[in-house]
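coords_11.txt follows; it contains compact mmCIF, C-alpha atoms.
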```
# COMPACT_ATOMS: atom_id res chain seq x y z
CA MET A 1 115.30 106.36 108.53
CA THR A 2 116.42 105.55 105.03
CA THR A 3 114.60 103.26 102.66
CA ARG A 4 116.60 101.03 100.38
CA MET A 5 115.01 99.68 97.25
CA ASP A 6 114.83 95.95 96.72
CA TRP A 7 114.94 95.84 92.92
CA ARG A 8 114.06 92.15 92.78
CA TRP A 9 110.54 93.01 93.90
CA ALA A 10 110.45 96.69 92.84
CA ARG A 11 109.25 97.88 96.23
CA PRO A 12 110.87 99.36 99.34
CA ALA A 13 112.56 96.52 101.22
CA ASN A 14 111.37 97.68 104.66
CA ARG A 15 107.66 97.71 103.71
CA ARG A 16 105.35 94.73 103.77
CA SER A 17 103.01 94.06 100.90
CA GLY A 18 100.12 92.88 103.02
CA PRO A 19 96.40 93.61 103.03
CA ALA A 20 96.91 97.40 102.95
CA ALA A 21 98.85 97.29 99.70
CA MET A 22 96.37 94.87 98.14
CA LEU A 23 93.45 97.04 99.28
CA ALA A 24 94.99 100.22 97.85
CA ALA A 25 95.75 98.51 94.54
CA LEU A 26 92.23 97.08 94.32
CA VAL A 27 90.64 100.48 95.00
CA CYS A 28 92.76 102.14 92.30
CA VAL A 29 91.99 99.47 89.71
CA MET A 30 88.25 99.59 90.47
CA ALA A 31 88.15 103.38 90.21
CA LEU A 32 90.11 103.52 86.98
CA THR A 33 87.97 100.80 85.44
CA ALA A 34 84.72 102.47 86.47
CA SER A 35 85.82 105.89 85.23
CA GLY A 36 86.34 104.53 81.72
CA CYS A 37 82.85 103.02 81.68
CA ALA A 38 81.01 106.13 82.85
CA ASP A 39 77.96 107.01 80.79
CA LYS A 40 78.04 110.76 80.08
CA SER A 41 74.24 110.95 80.37
CA PRO A 42 72.96 112.04 83.80
CA TRP A 43 70.46 109.16 83.61
CA GLY A 44 72.94 106.48 82.52
CA VAL A 45 72.56 102.88 83.58
CA GLY A 46 73.79 102.39 87.13
CA THR A 47 74.05 106.10 87.92
CA ASN A 48 73.31 107.02 91.57
CA VAL A 49 73.03 103.39 92.65
CA PRO A 50 75.59 102.63 95.39
CA ALA A 51 77.11 99.15 95.37
CA ALA A 52 78.29 98.10 98.82
CA GLY A 53 79.26 94.94 100.63
CA ALA A 54 80.41 94.32 104.19
CA THR A 55 81.88 91.34 106.02
CA GLU A 56 83.55 90.78 109.36
CA SER A 57 86.84 91.66 107.65
CA GLY A 58 85.95 94.73 105.61
CA ILE A 59 83.73 96.98 103.52
CA GLY A 60 83.73 97.68 99.81
CA PHE A 61 81.80 100.59 98.27
CA SER A 62 81.50 101.98 94.75
CA LEU A 63 79.31 104.64 93.17
CA LEU A 64 78.92 106.30 89.78
CA ALA A 65 77.07 109.52 90.66
CA GLU A 66 75.37 112.42 88.95
CA ASN A 67 74.30 115.23 91.32
CA TYR A 68 73.96 112.68 94.15
CA THR A 69 73.02 113.69 97.70
CA ALA A 70 72.85 111.13 100.53
CA ASP A 71 74.22 110.36 103.99
CA LEU A 72 75.26 106.69 104.02
CA ARG A 73 76.55 104.75 107.03
CA TYR A 74 78.10 101.29 107.16
CA ILE A 75 79.42 99.10 109.99
CA GLY A 76 82.53 96.98 109.51
CA PRO A 77 85.07 95.56 109.97
CA THR A 78 83.80 94.07 113.22
CA ALA A 79 87.16 92.58 114.21
CA GLY A 80 90.77 93.73 114.47
CA ASP A 81 92.47 96.58 116.32
CA THR A 82 94.04 97.93 113.13
CA VAL A 83 92.36 98.68 109.81
CA SER A 84 93.35 100.02 106.39
CA LEU A 85 91.37 102.56 104.39
CA GLY A 86 91.74 103.18 100.68
CA LEU A 87 89.70 105.41 98.42
CA ALA A 88 89.75 106.79 94.92
CA ALA A 89 87.61 109.57 93.47
CA VAL A 90 87.84 110.12 89.71
CA SER A 91 85.97 112.21 87.13
CA VAL A 92 84.74 114.51 89.91
CA ARG A 93 82.86 117.37 88.27
CA GLN A 94 80.83 118.93 91.08
CA GLY A 95 79.77 118.63 94.71
CA ASN A 96 81.65 116.99 97.54
CA VAL A 97 81.88 113.90 99.69
CA ILE A 98 82.86 113.66 103.34
CA VAL A 99 84.43 110.32 104.25
CA GLN A 100 84.62 109.59 107.99
CA MET A 101 85.94 106.50 109.76
CA THR A 102 85.26 106.11 113.49
CA ASP A 103 85.63 103.27 115.96
CA SER A 104 83.03 101.94 118.43
CA LEU A 105 84.01 104.60 121.00
CA GLY A 106 83.31 107.40 118.51
CA THR A 107 86.98 108.25 118.03
CA MET A 108 87.57 109.86 114.62
CA LEU A 109 90.22 107.75 112.84
CA GLN A 110 90.05 109.46 109.44
CA GLN A 111 88.11 112.34 107.93
CA GLN A 112 88.54 113.45 104.34
CA VAL A 113 86.60 115.98 102.27
CA ILE A 114 86.70 115.17 98.56
CA LEU A 115 86.25 118.11 96.19
CA ALA A 116 88.30 116.87 93.22
CA ASP A 117 89.98 113.72 91.87
CA MET A 118 92.14 112.02 94.49
CA VAL A 119 93.55 108.71 95.69
CA LEU A 120 94.16 108.06 99.38
CA ALA A 121 95.51 105.04 101.24
CA ARG A 122 95.91 104.91 105.01
CA SER A 123 97.42 101.61 106.04
CA VAL A 124 97.32 101.94 109.81
CA LEU A 125 94.26 103.15 111.70
CA HIS A 126 94.11 101.96 115.32
CA GLY A 127 90.80 101.70 117.14
CA LYS A 128 88.25 99.50 118.80
CA PRO A 129 85.90 97.48 116.57
CA PRO A 130 83.30 97.59 115.22
CA TYR A 131 84.29 100.45 112.91
CA HIS A 132 81.84 102.88 111.31
CA LEU A 133 82.16 104.34 107.81
CA ARG A 134 80.14 107.45 106.92
CA LEU A 135 79.88 108.79 103.37
CA ALA A 136 78.07 112.13 103.14
CA PHE A 137 77.41 113.23 99.53
CA VAL A 138 76.24 116.72 98.58
CA GLY A 139 75.48 117.23 94.88
CA PHE A 140 78.33 114.87 93.99
CA SER A 141 79.03 113.97 90.35
CA GLY A 142 81.86 111.51 89.71
CA VAL A 143 83.06 108.03 90.62
CA LEU A 144 83.93 107.06 94.20
CA THR A 145 85.36 103.73 95.38
CA VAL A 146 86.17 103.03 99.04
CA GLY A 147 87.67 99.94 100.68
CA VAL A 148 88.22 99.25 104.36
CA GLY A 149 89.86 96.08 105.64
CA LYS A 150 91.21 94.76 108.90
CA GLN A 151 94.96 94.28 109.19
CA THR A 152 96.16 90.81 110.07
CA PRO A 153 99.15 90.47 112.43
```
For this file, produce the structure as structure tokens.
Amino acid sequence: MTTRMDWRWARPANRRSGPAAMLAALVCVMALTASGCADKSPWGVGTNVPAAGATESGIGFSLLAENYTADLRYIGPTAGDTVSLGLAAVSVRQGNVIVQMTDSLGTMLQQQVILADMVLARSVLHGKPPYHLRLAFVGFSGVLTVGVGKQTP
């Protein structure tokens, strides 16, 4: 399959710019913004305090960490057979994070081990809601932002 470029919109013509594209862009912007604001002190304001929010439609998570260890679990989205996952890890200096996305049947939809800076966007994950997001940190120092949202038909 070939992809032709639609120069009027500067994106591939056969791709939709729906919630997945918006989610990926939002995750990247949040991560890049947070990385520029990072306090170099291990005890900086806001360090090791996860910020998370969940709705029926999605989950948003962000963390500025210094030697952070925790096993966090979130439920959401609670609707939709298809979800998008986007994440960005920047300024990673040590440790690791395991990001797992499963559905209500326990089927693993995505698993990613983060050891260094990375950006990931998966626009189509099929499963049965509610979805479960697990973030397992081991001595992690860096900035992590994760977004999960249901796809609309």
Determine the nearest neighbour of Asp81 (chain A) from the options A:Ala65, A:Val49, A:Leu109, A:Val143, counting only C-alpha atoms.
A:Leu109
When you count all atoms listed in the file, which of these residues is closest to Pro129 (chain A): A:Leu64, A:Val92, A:Ala54, A:Val83?
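Using all atoms listed in the file, the shortest distance to Pro129 (chain A) belongs to A:Val83.
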Given only C-alpha atoms as the basis, pick out the residue of A:Leu85, A:Leu63, A:Ala79, A:Val90 nearest to Ser104 (chain A).
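With only C-alpha atoms as the atom set, the closest residue is A:Ala79.
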Counting only C-alpha atoms, which residue out of A:Gly86, A:Pro77, A:Gly149, A:Pro130 sits closest to Met118 (chain A)?
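Checking each of A:Gly86, A:Pro77, A:Gly149, A:Pro130 against Met118 (chain A), counting only C-alpha atoms, the winner is A:Gly86.
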So which residues fall inside 7 Å of (95.2, 107.5, 97.0) if we count only C-alpha atoms? Mind giving them as a compact mmCIF listing (two decimals) with C-alpha atoms, keeping the file's coordinate frame?
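Output saved as part19.txt:
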```txt
# COMPACT_ATOMS: atom_id res chain seq x y z
CA GLY A 86 91.74 103.18 100.68
CA LEU A 87 89.70 105.41 98.42
CA ALA A 88 89.75 106.79 94.92
CA MET A 118 92.14 112.02 94.49
CA VAL A 119 93.55 108.71 95.69
CA LEU A 120 94.16 108.06 99.38
CA ALA A 121 95.51 105.04 101.24
```
Determine the nearest neighbour of Asp117 (chain A) from the options A:Gln100, A:His132, A:Gly142, A:Gly60, counting only C-alpha atoms.
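Among the listed residues, A:Gly142 lies closest to Asp117 (chain A).
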Given all atoms listed in the file as the counted atoms, nearest of A:Thr47, A:Thr102, A:Gln112, A:Ser91 to Gly127 (chain A):
A:Thr102
CA of Ala136 (chain A) to CA of Val97 (chain A), distance in Å rounded to a single decimal:
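Taking CA of Ala136 (chain A) as the start and CA of Val97 (chain A) as the end point, the length is 5.4 Å.
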Å distance separating CA of Gly80 (chain A) from CA of Gln151 (chain A), one decimal place:
6.8 Å
Interatomic distance between CA of Ile98 (chain A) and CA of Val113 (chain A)?
4.5 Å
I'd like the neighbourhood of Asn67 (chain A) as a PDB file with C-alpha atoms, in the frame of the given file, where a residue qualifies if any of its atoms comes within 6 Å (using all atoms listed in the file), though same-chain residues fewer than 3 positions away should be ignored.
```
ATOM      1  CA  GLY A 139      75.480 117.230  94.880  1.00  0.00           C
ATOM      2  CA  PHE A 140      78.330 114.870  93.990  1.00  0.00           C
ATOM      3  CA  SER A 141      79.030 113.970  90.350  1.00  0.00           C
TER       4      SER A 141
END
```
